[in-house]
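Enquirer: Next up is a structure, given as structure tokens.
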Amino acid sequence: MRIHETSLADVYLIEPTPIEDDRGFFARVWSDDEFREQGIEATWVQGNLGFSHRAGTLRGLHFQHPPHEEAKLISCPRGELYDVVVDLRLGSPTRWQWIGVEISAKNRSLIYLPPGCAHGYQTLVPDTELLYLTSHRYEPTSASGLRWDDPHLGIEWPMPITLMSEQDRNWPLLDPQEVVS
């Protein structure tokens, strides 16, 4: 497996290195030792599977407030999606910055994000699945989100939004004073 730094501090793109034979392939997607060498330490306590019927479906941008913030390891075992991470961490050199990466069943890439980041994605093809592990259980009282179209973030989604929940559509906009601080 290859672990690549991204432009966001402590956010990594993981490329499995498949070992192939006539049966197919086998690839490692998590190794405590290899991740620890990169300074990544996480204990996974929950796994989640999401499915979207339509291309253009947007979910997010979600995060949990302390003390329930969570690291995530995200993959796309079926279909294709555009995955977005926004750094919300106080004191981070990349606070309020975002990245978007395409992960798919075809490229088999994963993305790791540390606690204190918001996460969302848009499906690029119909019948797309997202599978991810979290370092903290879902806590409804700590759940929150950012607006997908917040002008202070300037996220560029790859295609028109075809479907989104009312909750995700109505997260509040960021306070401009907070973004510049």
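Letters A, B, ... mark the chains of the structure tokens in the order given; residue numbers begin at 1 per chain; ligand numbers begin at 1, in order shown.
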Please report, as a list in words, each residue of segment 31-146 of chain A to which DSSP assigns helix (DSSP H, G or I) when run on this structure's backbone.

Expert: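 Restricting segment 31-146 of chain A to helix (DSSP H, G or I) produces Asp32, Asp33, Glu34, Phe35, Arg36, Glu37, Pro140, Thr141 and Ser142 of chain A.
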
Enquirer: Residues at most 8 Å from Val86 of chain A, counting only C-alpha atoms, excluding those fewer than 3 positions away in the same chain, as a list in words?

Expert: Arg95, Trp96, Gln97, Trp98, Ile99, Cys117, Ala118 and His119 of chain A

Enquirer: Any chance you could export the current selection's N, CA and C atoms as a PDB file, in the first residue's frame?

Expert:
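This is the output file out_23.pdb:
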```pdb
ATOM      1  N   ARG A  95      -6.391  25.067   7.986  1.00  0.00           N
ATOM      2  CA  ARG A  95      -7.766  25.302   8.438  1.00  0.00           C
ATOM      3  C   ARG A  95      -8.544  26.071   7.373  1.00  0.00           C
ATOM      4  N   TRP A  96      -9.777  25.655   7.143  1.00  0.00           N
ATOM      5  CA  TRP A  96     -10.742  26.206   6.189  1.00  0.00           C
ATOM      6  C   TRP A  96     -10.406  25.859   4.740  1.00  0.00           C
ATOM      7  N   GLN A  97      -9.364  25.093   4.508  1.00  0.00           N
ATOM      8  CA  GLN A  97      -9.062  24.642   3.151  1.00  0.00           C
ATOM      9  C   GLN A  97      -9.762  23.306   2.904  1.00  0.00           C
ATOM     10  N   TRP A  98      -9.938  22.978   1.628  1.00  0.00           N
ATOM     11  CA  TRP A  98     -10.600  21.726   1.272  1.00  0.00           C
ATOM     12  C   TRP A  98      -9.856  21.049   0.127  1.00  0.00           C
ATOM     13  N   ILE A  99     -10.066  19.751   0.040  1.00  0.00           N
ATOM     14  CA  ILE A  99      -9.596  18.996  -1.122  1.00  0.00           C
ATOM     15  C   ILE A  99     -10.744  18.129  -1.609  1.00  0.00           C
ATOM     16  N   CYS A 117     -12.249  17.223  10.900  1.00  0.00           N
ATOM     17  CA  CYS A 117     -12.492  17.563   9.503  1.00  0.00           C
ATOM     18  C   CYS A 117     -13.945  17.246   9.140  1.00  0.00           C
ATOM     19  N   ALA A 118     -14.490  18.034   8.243  1.00  0.00           N
ATOM     20  CA  ALA A 118     -15.822  17.754   7.706  1.00  0.00           C
ATOM     21  C   ALA A 118     -15.655  16.910   6.449  1.00  0.00           C
ATOM     22  N   HIS A 119     -16.663  16.087   6.173  1.00  0.00           N
ATOM     23  CA  HIS A 119     -16.601  15.163   5.051  1.00  0.00           C
ATOM     24  C   HIS A 119     -17.921  15.168   4.288  1.00  0.00           C
TER      25      HIS A 119
END
```

Enquirer: What separation in Å, quoted to one decimal, exists between atom CA of Leu110 of chain A and atom CA of Thr141 of chain A?

Expert: 28.0 Å

Enquirer: Residues within 9 Å of Gly120 of chain A, please, as a list of chain:residue names. Count only C-alpha atoms; anything in the same chain fewer than 6 positions from it doesn't count.

Expert: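 Listing them by chain and then by number gives A:Leu58, A:Arg59, A:Gly60, A:Leu61, A:His62, A:Tyr82, A:Asp83, A:Val84, A:Val85, A:Val86, A:Trp148.
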
Enquirer: Using only C-alpha atoms for the distances, tell me which of A:His68, A:Tyr112, A:Glu178, A:His53 is nearest to Leu88 of chain A.

Expert: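 Looking at the shortest contact to Leu88 of chain A, the residue is A:Glu178.
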
Enquirer: For segment 60-153 of chain A versus segment 41-51 of chain A, which residues have an atom no more than 12 Å away, and what is each residue's nearest atom pair and distance in Å rounded to one decimal, using only C-alpha atoms, chain-then-number order, as a tab-separated table?

Expert:
```
residue	atom	partner	partner_atom	distance
A:Glu70	CA	A:Ala42	CA	9.3
A:Ala71	CA	A:Ala42	CA	7.0
A:Lys72	CA	A:Trp44	CA	8.4
A:Leu73	CA	A:Trp44	CA	8.9
A:Ile74	CA	A:Asn48	CA	9.5
A:Ser75	CA	A:Leu49	CA	9.7
A:Cys76	CA	A:Gly50	CA	9.5
A:Pro77	CA	A:Leu49	CA	9.8
A:Arg78	CA	A:Phe51	CA	9.0
A:Gly79	CA	A:Phe51	CA	9.7
A:Glu80	CA	A:Phe51	CA	11.3
A:Leu81	CA	A:Phe51	CA	11.1
A:Tyr112	CA	A:Ala42	CA	10.0
A:Leu113	CA	A:Ala42	CA	10.3
A:Pro114	CA	A:Ala42	CA	8.6
A:Pro115	CA	A:Ala42	CA	9.6
A:Gly120	CA	A:Gly50	CA	11.9
A:Tyr121	CA	A:Gly50	CA	10.9
A:Gln122	CA	A:Phe51	CA	11.4
A:Thr123	CA	A:Phe51	CA	9.5
A:Val125	CA	A:Phe51	CA	11.5
A:Pro126	CA	A:Phe51	CA	9.6
A:Asp127	CA	A:Phe51	CA	6.8
A:Thr128	CA	A:Phe51	CA	5.7
A:Glu129	CA	A:Phe51	CA	4.4
A:Leu130	CA	A:Gly50	CA	5.0
A:Leu131	CA	A:Leu49	CA	4.5
A:Tyr132	CA	A:Asn48	CA	5.3
A:Leu133	CA	A:Gly47	CA	4.3
A:Thr134	CA	A:Gln46	CA	5.3
A:Ser135	CA	A:Trp44	CA	4.5
A:His136	CA	A:Val45	CA	5.9
A:Arg137	CA	A:Gln46	CA	5.9
A:Tyr138	CA	A:Gln46	CA	8.2
A:Glu139	CA	A:Gln46	CA	11.6
```

Enquirer: Give me the residues near Met164 of chain A as a VMD selection string, where near means some atom within 8 Å (using only C-alpha atoms) and where sequence neighbours in that chain fewer than 2 positions away do not count.

Expert: chain A and resid 57 to 59 161 to 162 166 168 to 169

Enquirer: Work out how far apart atom CA of Thr17 of chain A and atom CA of Pro158 of chain A are and give it in Å to one decimal.

Expert: 27.4 Å

Enquirer: Taking the backbone alone, and naming residues the way the document does, which bits of segment 7-93 of chain A are strand (DSSP E or B) by DSSP, as a count of residues only?

Expert: 40
